[in-house]
file protein.pdb (PDB, C-alpha atoms and all ligand atoms)
ATOM      1  CA  MET A1165      -3.296   0.903  23.729
ATOM      2  CA  ASN A1166      -5.394   2.899  26.099
ATOM      3  CA  GLU A1167      -8.183   4.539  24.121
ATOM      4  CA  ARG A1168     -10.034   5.098  27.385
ATOM      5  CA  MET A1169      -7.456   7.627  28.488
ATOM      6  CA  ASP A1170      -7.607   9.914  25.452
ATOM      7  CA  ASP A1171      -9.192   9.397  22.071
ATOM      8  CA  ARG A1172      -7.805  12.487  20.368
ATOM      9  CA  PRO A1173      -5.269  12.018  17.564
ATOM     10  CA  VAL A1174      -1.773  12.131  19.010
ATOM     11  CA  ALA A1175       1.212  14.044  17.627
ATOM     12  CA  LEU A1176       4.819  14.007  18.778
ATOM     13  CA  VAL A1177       6.914  17.105  17.979
ATOM     14  CA  SER A1178      10.650  17.150  18.689
ATOM     15  CA  GLY A1179      12.287  20.399  19.800
ATOM     16  CA  ALA A1180       8.929  21.834  20.816
ATOM     17  CA  ASN A1181      10.105  23.997  23.695
ATOM     18  CA  ARG A1182      10.881  27.005  21.474
ATOM     19  CA  GLY A1183      10.941  28.339  17.935
ATOM     20  CA  ILE A1184       9.083  26.693  15.066
ATOM     21  CA  GLY A1185       8.535  23.461  17.011
ATOM     22  CA  ARG A1186       6.671  25.257  19.770
ATOM     23  CA  GLU A1187       4.401  26.899  17.182
ATOM     24  CA  ILE A1188       3.766  23.575  15.388
ATOM     25  CA  ALA A1189       2.799  22.060  18.756
ATOM     26  CA  ARG A1190       0.471  24.953  19.539
ATOM     27  CA  ARG A1191      -1.224  24.741  16.119
ATOM     28  CA  LEU A1192      -1.709  20.991  16.242
ATOM     29  CA  ALA A1193      -3.236  21.325  19.711
ATOM     30  CA  GLU A1194      -5.541  23.996  18.301
ATOM     31  CA  ASP A1195      -6.444  21.528  15.565
ATOM     32  CA  GLY A1196      -7.617  18.933  18.099
ATOM     33  CA  TYR A1197      -4.501  16.859  18.686
ATOM     34  CA  LEU A1198      -3.062  15.727  21.970
ATOM     35  CA  VAL A1199       0.477  16.995  21.441
ATOM     36  CA  LEU A1200       3.509  15.435  23.066
ATOM     37  CA  ALA A1201       5.947  18.322  23.060
ATOM     38  CA  GLY A1202       9.534  17.059  23.070
ATOM     39  CA  SER A1203      12.101  18.975  25.065
ATOM     40  CA  ARG A1204      15.590  17.763  25.914
ATOM     41  CA  ALA A1205      15.464  19.415  29.334
ATOM     42  CA  PRO A1206      12.463  19.158  31.647
ATOM     43  CA  ALA A1207       9.974  21.878  32.541
ATOM     44  CA  ARG A1208      10.528  24.074  29.479
ATOM     45  CA  VAL A1209       7.204  23.532  27.780
ATOM     46  CA  GLU A1210       4.159  25.497  28.837
ATOM     47  CA  GLU A1211       1.669  22.689  29.235
ATOM     48  CA  THR A1212      -2.027  23.047  28.455
ATOM     49  CA  GLU A1213      -4.888  20.621  28.335
ATOM     50  CA  SER A1214      -3.699  19.524  24.879
ATOM     51  CA  ILE A1215       0.075  19.941  25.175
ATOM     52  CA  VAL A1216       2.054  17.597  27.385
ATOM     53  CA  GLU A1217       5.821  17.834  27.712
ATOM     54  CA  ILE A1218       7.893  14.753  27.064
ATOM     55  CA  GLU A1219      11.620  14.612  27.709
ATOM     56  CA  LEU A1220      13.351  13.892  24.417
ATOM     57  CA  ASP A1221      16.921  14.304  23.216
ATOM     58  CA  VAL A1222      16.909  13.073  19.628
ATOM     59  CA  SER A1223      20.667  12.504  19.661
ATOM     60  CA  SER A1224      20.375   9.910  22.430
ATOM     61  CA  ASP A1225      19.192   6.321  21.904
ATOM     62  CA  ALA A1226      18.341   6.052  25.596
ATOM     63  CA  SER A1227      16.221   9.211  25.580
ATOM     64  CA  VAL A1228      14.340   8.285  22.388
ATOM     65  CA  ASP A1229      13.696   4.744  23.619
ATOM     66  CA  ALA A1230      12.478   5.997  27.009
ATOM     67  CA  ALA A1231      10.089   8.465  25.333
ATOM     68  CA  GLN A1232       8.683   5.756  23.058
ATOM     69  CA  ARG A1233       8.188   3.380  25.982
ATOM     70  CA  ARG A1234       6.226   6.078  27.796
ATOM     71  CA  ILE A1235       4.033   6.781  24.780
ATOM     72  CA  GLU A1236       3.484   3.062  24.243
ATOM     73  CA  SER A1237       2.378   2.471  27.813
ATOM     74  CA  ALA A1238       0.418   5.714  28.266
ATOM     75  CA  ILE A1239      -1.335   6.022  24.905
ATOM     76  CA  GLY A1240      -0.351   3.125  22.658
ATOM     77  CA  ARG A1241      -0.528   4.957  19.345
ATOM     78  CA  LEU A1242       0.800   7.915  17.394
ATOM     79  CA  ASP A1243      -0.889   9.672  14.474
ATOM     80  CA  ALA A1244       1.790  12.203  13.548
ATOM     81  CA  LEU A1245       5.510  12.643  14.132
ATOM     82  CA  VAL A1246       7.168  15.992  13.430
ATOM     83  CA  ASN A1247      10.968  15.781  13.308
ATOM     84  CA  ASN A1248      11.657  19.429  14.005
ATOM     85  CA  ALA A1249      14.641  19.430  16.411
ATOM     86  CA  GLY A1250      17.698  20.859  14.743
ATOM     87  CA  ILE A1251      20.960  22.731  15.181
ATOM     88  CA  PHE A1252      22.768  24.896  12.677
ATOM     89  CA  GLY A1253      26.436  24.214  13.377
ATOM     90  CA  GLY A1254      28.476  26.836  11.591
ATOM     91  CA  HIS A1255      28.870  28.696   8.325
ATOM     92  CA  GLU A1256      32.211  27.068   7.442
ATOM     93  CA  SER A1257      32.960  25.446   4.113
ATOM     94  CA  VAL A1258      33.904  21.786   3.688
ATOM     95  CA  ALA A1259      37.610  22.609   3.956
ATOM     96  CA  GLY A1260      37.227  24.568   7.154
ATOM     97  CA  TYR A1261      34.668  22.469   9.027
ATOM     98  CA  ASP A1262      35.607  20.835  12.304
ATOM     99  CA  LEU A1263      34.556  17.219  11.784
ATOM    100  CA  GLU A1264      33.603  16.660  15.404
ATOM    101  CA  ARG A1265      31.169  19.548  15.109
ATOM    102  CA  ALA A1266      29.929  18.152  11.771
ATOM    103  CA  HIS A1267      29.215  14.814  13.471
ATOM    104  CA  GLU A1268      27.186  16.651  16.120
ATOM    105  CA  VAL A1269      25.110  18.415  13.464
ATOM    106  CA  LEU A1270      24.417  15.178  11.581
ATOM    107  CA  GLU A1271      23.713  13.324  14.828
ATOM    108  CA  THR A1272      20.938  15.797  15.657
ATOM    109  CA  ASN A1273      19.492  16.797  12.284
ATOM    110  CA  LEU A1274      19.806  13.543  10.339
ATOM    111  CA  PHE A1275      20.320  10.652  12.746
ATOM    112  CA  GLY A1276      18.012  12.316  15.296
ATOM    113  CA  ALA A1277      15.164  12.243  12.767
ATOM    114  CA  TRP A1278      16.114   8.717  11.664
ATOM    115  CA  ARG A1279      16.344   7.469  15.276
ATOM    116  CA  LEU A1280      13.018   9.000  16.294
ATOM    117  CA  SER A1281      11.231   7.861  13.119
ATOM    118  CA  ARG A1282      12.513   4.309  13.525
ATOM    119  CA  ALA A1283      11.391   4.192  17.162
ATOM    120  CA  SER A1284       7.992   5.696  16.298
ATOM    121  CA  LEU A1285       7.143   3.467  13.327
ATOM    122  CA  PRO A1286       5.456   0.666  15.305
ATOM    123  CA  LEU A1287       3.131   3.245  16.884
ATOM    124  CA  LEU A1288       2.547   5.120  13.608
ATOM    125  CA  ARG A1289       1.788   1.918  11.710
ATOM    126  CA  ARG A1290      -0.787   0.848  14.254
ATOM    127  CA  GLY A1291      -3.452   3.327  13.158
ATOM    128  CA  GLY A1292      -2.812   2.837   9.422
ATOM    129  CA  HIS A1293      -2.759   6.623   8.793
ATOM    130  CA  GLY A1294       0.551   7.805  10.290
ATOM    131  CA  ARG A1295       2.148  11.056   9.157
ATOM    132  CA  ILE A1296       5.848  11.932   9.331
ATOM    133  CA  VAL A1297       6.966  15.506   8.770
ATOM    134  CA  ASN A1298      10.646  16.305   8.512
ATOM    135  CA  VAL A1299      11.401  19.965   9.090
ATOM    136  CA  SER A1300      14.215  20.351   6.611
ATOM    137  CA  SER A1301      15.676  23.228   4.657
ATOM    138  CA  GLY A1302      16.128  24.449   1.125
ATOM    139  CA  ALA A1303      19.819  24.478   2.101
ATOM    140  CA  GLY A1304      19.682  20.699   1.620
ATOM    141  CA  GLN A1305      18.213  20.748  -1.898
ATOM    142  CA  LEU A1306      20.714  19.132  -4.274
ATOM    143  CA  SER A1307      19.158  20.933  -7.225
ATOM    144  CA  ASP A1308      19.840  24.320  -5.633
ATOM    145  CA  MET A1309      22.975  23.819  -3.523
ATOM    146  CA  ASN A1310      25.311  26.673  -2.635
ATOM    147  CA  GLY A1311      28.589  26.596  -0.692
ATOM    148  CA  GLY A1312      29.247  27.082   3.031
ATOM    149  CA  ASN A1313      27.175  25.863   6.012
ATOM    150  CA  ALA A1314      28.632  22.487   5.075
ATOM    151  CA  ALA A1315      27.385  20.211   7.873
ATOM    152  CA  TYR A1316      23.929  21.785   7.949
ATOM    153  CA  ARG A1317      23.495  21.352   4.191
ATOM    154  CA  VAL A1318      24.675  17.743   4.284
ATOM    155  CA  SER A1319      22.370  16.979   7.244
ATOM    156  CA  LYS A1320      19.316  18.414   5.497
ATOM    157  CA  ALA A1321      20.147  16.761   2.159
ATOM    158  CA  GLY A1322      20.315  13.503   4.115
ATOM    159  CA  MET A1323      17.006  14.295   5.767
ATOM    160  CA  ASN A1324      15.372  14.850   2.381
ATOM    161  CA  ALA A1325      16.685  11.472   1.224
ATOM    162  CA  LEU A1326      15.463   9.864   4.448
ATOM    163  CA  THR A1327      12.011  11.284   3.737
ATOM    164  CA  ARG A1328      11.821   9.741   0.266
ATOM    165  CA  ILE A1329      13.041   6.374   1.459
ATOM    166  CA  LEU A1330      10.610   6.389   4.396
ATOM    167  CA  ALA A1331       7.752   7.319   2.072
ATOM    168  CA  GLU A1332       8.424   4.281  -0.125
ATOM    169  CA  ASP A1333       9.199   1.893   2.722
ATOM    170  CA  GLU A1334       6.084   2.808   4.703
ATOM    171  CA  ARG A1335       3.579   3.305   1.894
ATOM    172  CA  SER A1336       1.972  -0.073   2.519
ATOM    173  CA  HIS A1337       1.378   0.913   6.158
ATOM    174  CA  GLY A1338      -0.591   4.004   5.144
ATOM    175  CA  ILE A1339       2.153   6.334   6.372
ATOM    176  CA  LEU A1340       2.754   9.574   4.454
ATOM    177  CA  ALA A1341       6.228  11.097   4.908
ATOM    178  CA  ASN A1342       7.169  14.560   3.640
ATOM    179  CA  SER A1343       9.853  17.205   4.131
ATOM    180  CA  THR A1344       9.304  20.912   4.328
ATOM    181  CA  CYS A1345      11.429  24.023   4.505
ATOM    182  CA  PRO A1346       9.871  26.615   6.819
ATOM    183  CA  GLY A1347      11.672  29.421   5.004
ATOM    184  CA  TRP A1348      13.911  31.880   6.829
ATOM    185  CA  VAL A1349      12.173  32.342  10.157
ATOM    186  CA  ARG A1350      12.651  34.665  13.156
ATOM    187  CA  THR A1351      13.825  32.205  15.819
ATOM    188  CA  ASP A1352      17.024  31.725  17.810
ATOM    189  CA  MET A1353      18.375  29.873  14.779
ATOM    190  CA  GLY A1354      17.081  32.217  12.097
ATOM    191  CA  GLY A1355      17.797  35.469  13.972
ATOM    192  CA  GLN A1356      15.591  38.485  14.357
ATOM    193  CA  GLY A1357      16.327  39.788  10.837
ATOM    194  CA  ALA A1358      14.544  36.869   9.161
ATOM    195  CA  PRO A1359      11.501  37.793   7.053
ATOM    196  CA  ARG A1360       9.104  35.089   8.249
ATOM    197  CA  SER A1361       7.235  34.729  11.533
ATOM    198  CA  VAL A1362       7.069  31.412  13.415
ATOM    199  CA  GLU A1363       3.386  31.248  12.449
ATOM    200  CA  GLU A1364       4.341  31.318   8.760
ATOM    201  CA  GLY A1365       7.231  28.924   9.364
ATOM    202  CA  ALA A1366       4.979  26.339  11.030
ATOM    203  CA  ASP A1367       2.252  26.521   8.399
ATOM    204  CA  THR A1368       3.319  23.817   5.947
ATOM    205  CA  ALA A1369       4.505  21.405   8.650
ATOM    206  CA  VAL A1370       1.078  21.557  10.291
ATOM    207  CA  TRP A1371      -0.604  20.913   6.957
ATOM    208  CA  LEU A1372       1.640  17.908   6.280
ATOM    209  CA  ALA A1373       1.026  16.475   9.768
ATOM    210  CA  THR A1374      -2.726  16.607   9.206
ATOM    211  CA  LEU A1375      -2.906  15.341   5.605
ATOM    212  CA  ASP A1376      -5.816  13.311   4.365
ATOM    213  CA  ASP A1377      -5.013   9.784   3.234
ATOM    214  CA  GLU A1378      -5.064  11.073  -0.350
ATOM    215  CA  GLY A1379      -2.319  13.604   0.428
ATOM    216  CA  PRO A1380       1.202  13.576  -1.019
ATOM    217  CA  THR A1381       4.101  11.453   0.203
ATOM    218  CA  GLY A1382       7.850  11.567  -0.378
ATOM    219  CA  GLY A1383       7.705  15.247  -1.272
ATOM    220  CA  PHE A1384       9.573  18.376  -0.336
ATOM    221  CA  SER A1385       7.681  21.615  -0.022
ATOM    222  CA  GLY A1386       8.839  24.966   1.108
ATOM    223  CA  THR A1387      10.012  28.378   0.151
ATOM    224  CA  ALA A1388      12.699  28.461  -2.494
ATOM    225  CA  SER A1389      16.072  27.810  -0.864
ATOM    226  CA  ARG A1390      16.035  30.307   1.971
ATOM    227  CA  SER A1391      17.566  29.147   5.215
ATOM    228  CA  PRO A1392      19.784  30.645   7.879
ATOM    229  CA  GLY A1393      23.059  31.512   6.254
ATOM    230  CA  ASP A1394      21.554  31.945   2.815
ATOM    231  CA  PRO A1395      21.238  35.528   1.648
ATOM    232  CA  PRO A1396      17.756  36.952   2.046
ATOM    233  CA  ALA A1397      15.664  36.744  -1.094
ATOM    234  CA  GLY A1398      12.062  37.198  -1.971
ATOM    235  CA  GLY A1399      11.220  33.554  -2.550
ATOM    236  CA  ARG A1400       7.576  33.009  -3.275
ATOM    237  CA  PRO A1401       5.940  31.851  -0.046
ATOM    238  CA  ALA A1402       4.344  28.444   0.059
ATOM    239  CA  PRO A1403       0.540  28.507  -0.190
ATOM    240  CA  SER A1404      -1.068  28.883   3.175
ATOM    241  CA  PHE A1405      -2.047  25.926   5.303
ATOM    242  CA  ARG A1406      -5.734  26.595   4.760
ATOM    243  CA  ALA A1407      -5.353  26.965   1.009
ATOM    244  CA  ARG A1408      -3.447  23.702   0.842
ATOM    245  CA  ARG A1409      -5.887  21.900   3.066
ATOM    246  CA  ALA A1410      -8.731  23.142   0.896
ATOM    247  CA  ARG A1411      -6.902  21.807  -2.128
ATOM    248  CA  THR A1412      -6.470  18.409  -0.473
ATOM    249  CA  ALA A1413     -10.112  18.406   0.494
ATOM    250  CA  GLY A1414     -10.845  19.065  -3.190
ATOM    251  CA  TRP A1415      -9.022  15.887  -4.212
ATOM    252  CA  VAL A1416     -11.059  13.965  -1.691
ATOM    253  CA  GLY A1417     -14.251  15.574  -2.926
ATOM    254  CA  ARG A1418     -13.646  14.272  -6.421
ATOM    255  CA  ARG A1419     -13.632  10.762  -5.026
ATOM    256  CA  GLY A1420     -17.269  10.911  -3.955
ATOM    257  CA  ARG A1421     -19.233  11.493  -0.810
ATOM    258  CA  GLY A1422     -18.484   8.160   0.859
ATOM    259  CA  ALA A1423     -14.755   8.674   0.542
ATOM    260  CA  ARG A1424     -15.141  12.270   1.683
ATOM    261  CA  ARG A1425     -17.038  11.227   4.804
ATOM    262  CA  ALA A1426     -14.573   8.432   5.607
ATOM    263  CA  SER A1427     -11.649  10.766   5.071
ATOM    264  CA  ARG A1428     -13.225  13.398   7.306
ATOM    265  CA  ARG A1429     -13.675  10.783  10.016
ATOM    266  CA  ARG A1430     -10.018   9.787   9.750
ATOM    267  CA  ARG A1431      -8.794  13.365   9.773
ATOM    268  CA  SER A1432     -11.206  14.882  12.235
ATOM    269  CA  PRO A1433      -9.935  15.219  15.721
ATOM    270  CA  ARG A1434     -12.064  13.032  17.911
ATOM    271  CA  ALA A1435     -12.299  15.716  20.565
ATOM    272  CA  ARG A1436     -12.223  19.424  20.001
ATOM    273  CA  PRO A1437      -9.363  21.383  21.522
ATOM    274  CA  GLY A1438      -9.678  24.164  24.009
ATOM    275  CA  GLY A1439     -12.461  22.463  25.920
ATOM    276  CA  SER A1440     -11.930  22.114  29.622
ATOM    277  CA  SER A1441     -14.440  19.497  30.624
ATOM    278  CA  PRO A1442     -13.615  17.572  33.809
ATOM    279  CA  GLN A1443     -13.408  14.485  31.584
ATOM    280  CA  LEU A1444     -10.728  16.057  29.357
ATOM    281  CA  ARG A1445      -8.852  17.342  32.396
ATOM    282  CA  ALA A1446      -8.868  13.904  33.974
ATOM    283  CA  ARG A1447      -7.617  12.327  30.733
ATOM    284  CA  ARG A1448      -4.829  14.849  30.464
ATOM    285  CA  GLU A1449      -3.775  14.312  34.065
ATOM    286  CA  ALA A1450      -3.742  10.562  33.439
ATOM    287  CA  ALA A1451      -1.571  11.123  30.334
ATOM    288  CA  CYS A1452       0.835  13.347  32.294
ATOM    289  CA  ARG A1453       1.130  10.802  35.089
ATOM    290  CA  ALA A1454       1.741   7.965  32.663
ATOM    291  CA  LEU A1455       4.234   9.969  30.589
ATOM    292  CA  ALA A1456       6.127  10.944  33.737
ATOM    293  CA  GLY A1457       6.648   7.193  34.038
TER
HETATM  294  N1  LIG A1501      14.712  29.338  11.565
HETATM  295  C1  LIG A1501      14.971  29.177  10.262
HETATM  296  O1  LIG A1501      15.157  30.153   9.510
HETATM  297  C2  LIG A1501      14.980  27.796   9.658
HETATM  298  C3  LIG A1501      15.162  27.668   8.256
HETATM  299  C4  LIG A1501      15.156  26.407   7.664
HETATM  300  C5  LIG A1501      14.975  25.295   8.471
HETATM  301  N2  LIG A1501      14.831  25.434   9.820
HETATM  302  C6  LIG A1501      14.661  24.203  10.605
HETATM  303  O2  LIG A1501      13.534  24.313  11.453
HETATM  304  C7  LIG A1501      13.737  23.533  12.641
HETATM  305  C8  LIG A1501      13.444  24.377  13.860
HETATM  306  O3  LIG A1501      14.318  25.485  13.818
HETATM  307  P1  LIG A1501      14.132  26.792  14.732
HETATM  308  O4  LIG A1501      14.431  27.947  13.881
HETATM  309  O5  LIG A1501      12.865  26.747  15.494
HETATM  310  O6  LIG A1501      15.394  26.587  15.718
HETATM  311  P2  LIG A1501      15.611  26.975  17.248
HETATM  312  O7  LIG A1501      14.793  28.138  17.624
HETATM  313  O8  LIG A1501      17.077  27.029  17.420
HETATM  314  O9  LIG A1501      15.022  25.687  18.001
HETATM  315  C9  LIG A1501      15.623  24.449  17.821
HETATM  316  C10 LIG A1501      14.878  23.437  18.669
HETATM  317  O10 LIG A1501      15.509  22.152  18.464
HETATM  318  C11 LIG A1501      15.835  21.631  19.752
HETATM  319  N3  LIG A1501      16.962  20.700  19.710
HETATM  320  C12 LIG A1501      18.224  20.916  19.284
HETATM  321  N4  LIG A1501      18.954  19.804  19.454
HETATM  322  C13 LIG A1501      18.140  18.876  20.005
HETATM  323  C14 LIG A1501      18.292  17.531  20.422
HETATM  324  N5  LIG A1501      19.468  16.890  20.327
HETATM  325  N6  LIG A1501      17.218  16.880  20.927
HETATM  326  C15 LIG A1501      16.028  17.498  21.039
HETATM  327  N7  LIG A1501      15.810  18.777  20.698
HETATM  328  C16 LIG A1501      16.870  19.449  20.186
HETATM  329  C17 LIG A1501      16.137  22.851  20.614
HETATM  330  O11 LIG A1501      16.110  22.484  21.973
HETATM  331  P3  LIG A1501      16.992  23.265  23.101
HETATM  332  O12 LIG A1501      16.149  24.430  23.542
HETATM  333  O13 LIG A1501      17.188  22.237  24.162
HETATM  334  O14 LIG A1501      18.266  23.689  22.448
HETATM  335  C18 LIG A1501      14.971  23.741  20.177
HETATM  336  O15 LIG A1501      13.794  23.351  20.809
HETATM  337  C19 LIG A1501      15.175  23.021  12.560
HETATM  338  O16 LIG A1501      15.193  21.688  12.115
HETATM  339  C20 LIG A1501      15.817  23.926  11.539
HETATM  340  O17 LIG A1501      16.903  23.319  10.857
HETATM  341  C21 LIG A1501      14.822  26.640  10.429
END
call {"tool": "encode", "arguments": {"input": "protein.pdb", "output": "structure tokens"}}
result
Amino acid sequence: MNERMDDRPVALVSGANRGIGREIARRLAEDGYLVLAGSRAPARVEETESIVEIELDVSSDASVDAAQRRIESAIGRLDALVNNAGIFGGHESVAGYDLERAHEVLETNLFGAWRLSRASLPLLRRGGHGRIVNVSSGAGQLSDMNGGNAAYRVSKAGMNALTRILAEDERSHGILANSTCPGWVRTDMGGQGAPRSVEEGADTAVWLATLDDEGPTGGFSGTASRSPGDPPAGGRPAPSFRARRARTAGWVGRRGRGARRASRRRRSPRARPGGSSPQLRARREAACRALAG
């Protein structure tokens, strides 16, 4: 652990070079985190003082292990993991799905999140307040399951199960694990006809990554069952990030001032984002050098 290098909370976001992942990374950086922005090819993330690219292909053991080794040696801790990387596959039904393609979808969406969570747990446990956010989809909700998009649905149903299991398994380590559906969002995956912006799509994931210790675990939150491939519908949008955070803060408030102060300390970024002091710059350069291995 190298607290000297950077004492901001640290978040790792997979698939952060575009789409919803890039927006989650940007928002967490704005919220005071040092964000490790995963990209499976190098030089695709616009780095800032608070966003550092890290090469990460979630479907590869070697890539995930290499990324974790770099984080371990450069920073030595992780406060939040956002499993965002995902692929859609195709719209085919069970009968028509090419199984090799289905394996690829599950390897990325389900086993990618499993692989990266498993590798990150030692670092997340270390601080006693780790957060895992699985960017899932209403398409994987068993209670509201339609046909078609077979591999994608199965992968996200598996991800929702993974979330609940992780939440129980890691409760004693202070880790909170939750899934969220971003809704149908205008990205390469969602297409330009989708009703939601990336800002709206990232909202709940950012809230879940920054939960107080009293926040929920093992849950699924999102917007009805809208996902790419589902017909558009006017699902009621999830409450905004700020509204939800205010609500969480309310729970804390009921537990008294001491708890509120302690919780604020745990949640508060230790350095504010956007600053460009020579000290922050030096820390960031040190992090980049170390992460480059
Ligand atoms: N957009 C929607 O309407 C919608 C709805 C429900 C759920 N979601 C979920 O939200 C998440 C983000 O979706 P999006 O709309 O932002 O999709 P997107 O624009 O297609 O971006 C997907 C991201 O995942 C990355 N990725 C794919 N496979 C990867 C791998 N093996 N290793 C590392 N990164 C990988 C991509 O990297 P490359 O650039 O290298 O391909 C890209 O950065 C996904 O999990 C998706 O299932 C999206």
call {"tool": "axis_aligned_box", "arguments": {"input": "protein.pdb", "around": "region 1184-1190 of chain A", "padding_each_side": "5 Å", "output": "JSON"}}
result
{"center_x": 4.8, "center_y": 24.5, "center_z": 17.4, "size_x": 18.6, "size_y": 14.8, "size_z": 14.7}
call {"tool": "residues_near_ligand", "arguments": {"input": "protein.pdb", "ligand": "ligand LIG 1501 (chain A)", "cutoff": "8 Å", "atoms": "all atoms listed in the file", "output": "PyMOL selection string"}}
result
chain A and resi 1178-1186+1202-1205+1220-1224+1247-1252+1271-1273+1276+1298-1303+1316+1320+1345-1355+1358+1360+1362+1365+1390-1392
call {"tool": "closest_atom_pairs", "arguments": {"input": "protein.pdb", "of": "region 1165-1263 of chain A", "to": "region 1282-1291 of chain A", "cutoff": "7 Å", "atoms": "all atoms listed in the file", "output": "Markdown table"}}
result
| residue | atom | partner | partner_atom | distance |
| --- | --- | --- | --- | --- |
| A:Asp1229 | CA | A:Ala1283 | CA | 6.9 |
| A:Gln1232 | CA | A:Ala1283 | CA | 6.7 |
| A:Gly1240 | CA | A:Leu1287 | CA | 6.7 |
| A:Arg1241 | CA | A:Leu1287 | CA | 4.7 |
| A:Leu1242 | CA | A:Leu1288 | CA | 5.0 |
| A:Asp1243 | CA | A:Leu1288 | CA | 5.8 |
call {"tool": "resolve_selection", "arguments": {"input": "protein.pdb", "expression": "the PyMOL selection byres (((chain A and resi 1377-1385) around 6) and not hetatm)", "output": "PyMOL selection string"}}
result
chain A and resi 1327-1328+1331+1340-1344+1375-1376+1386
call {"tool": "residues_near_point", "arguments": {"input": "protein.pdb", "point": "(28.9, 25.2, 6.8)", "cutoff": "9 Å", "atoms": "all atoms listed in the file", "output": "ChimeraX atom specification"}}
result
/A:1252-1258,1260-1261,1266,1311-1318,1393
call {"tool": "atom_distance", "arguments": {"input": "protein.pdb", "atom1": "CA of Thr1212 (chain A)", "atom2": "CA of Thr1374 (chain A)"}}
result
20.3 Å
call {"tool": "closest_residue", "arguments": {"input": "protein.pdb", "among": "A:Glu1264, A:Gly1292, A:Val1228, A:Arg1234", "to": "Trp1278 (chain A)", "atoms": "only C-alpha atoms"}}
result
A:Val1228
call {"tool": "atom_distance", "arguments": {"input": "protein.pdb", "atom1": "CA of Tyr1197 (chain A)", "atom2": "CA of Ala1230 (chain A)"}}
result
21.8 Å
call {"tool": "atom_distance", "arguments": {"input": "protein.pdb", "atom1": "CA of Leu1245 (chain A)", "atom2": "CA of Thr1368 (chain A)"}}
result
14.0 Å
call {"tool": "closest_residue", "arguments": {"input": "protein.pdb", "among": "A:Leu1263, A:Ala1207, A:Ala1325, A:Val1246", "to": "Gly1294 (chain A)", "atoms": "only C-alpha atoms"}}
result
A:Val1246
call {"tool": "closest_residue", "arguments": {"input": "protein.pdb", "among": "A:Arg1279, A:Arg1208, A:Arg1191, A:Arg1172", "to": "Glu1364 (chain A)", "atoms": "all atoms listed in the file"}}
result
A:Arg1191
call {"tool": "build_atoms", "arguments": {"input": "protein.pdb", "residues": "region 1243-1256 of chain A", "atoms": "N, CA and C atoms", "output": "short mmCIF file (atom, residue, chain, number, x, y, z; two decimals), in the frame of the given file"}}
result
data_model
loop_
_atom_site.label_atom_id
_atom_site.label_comp_id
_atom_site.auth_asym_id
_atom_site.auth_seq_id
_atom_site.Cartn_x
_atom_site.Cartn_y
_atom_site.Cartn_z
N ASP A 1243 -0.32 9.35 15.78
CA ASP A 1243 -0.89 9.67 14.47
C ASP A 1243 0.06 10.51 13.63
N ALA A 1244 0.88 11.34 14.31
CA ALA A 1244 1.79 12.20 13.55
C ALA A 1244 3.09 12.38 14.31
N LEU A 1245 4.19 12.36 13.56
CA LEU A 1245 5.51 12.64 14.13
C LEU A 1245 6.09 13.82 13.36
N VAL A 1246 6.51 14.86 14.08
CA VAL A 1246 7.17 15.99 13.43
C VAL A 1246 8.62 16.04 13.91
N ASN A 1247 9.54 15.70 13.01
CA ASN A 1247 10.97 15.78 13.31
C ASN A 1247 11.41 17.21 13.07
N ASN A 1248 11.35 18.00 14.13
CA ASN A 1248 11.66 19.43 14.00
C ASN A 1248 13.00 19.81 14.64
N ALA A 1249 13.43 19.06 15.67
CA ALA A 1249 14.64 19.43 16.41
C ALA A 1249 15.82 19.59 15.45
N GLY A 1250 16.56 20.65 15.64
CA GLY A 1250 17.70 20.86 14.74
C GLY A 1250 18.69 21.86 15.31
N ILE A 1251 19.94 21.74 14.85
CA ILE A 1251 20.96 22.73 15.18
C ILE A 1251 21.62 23.18 13.88
N PHE A 1252 22.22 24.34 13.92
CA PHE A 1252 22.77 24.90 12.68
C PHE A 1252 24.23 24.53 12.47
N GLY A 1253 24.99 24.46 13.55
CA GLY A 1253 26.44 24.21 13.38
C GLY A 1253 27.14 25.52 13.07
N GLY A 1254 27.77 25.60 11.93
CA GLY A 1254 28.48 26.84 11.59
C GLY A 1254 28.42 27.11 10.11
N HIS A 1255 28.94 28.27 9.73
CA HIS A 1255 28.87 28.70 8.32
C HIS A 1255 30.04 28.16 7.49
N GLU A 1256 30.98 27.45 8.13
CA GLU A 1256 32.21 27.07 7.44
C GLU A 1256 31.98 26.21 6.20
#
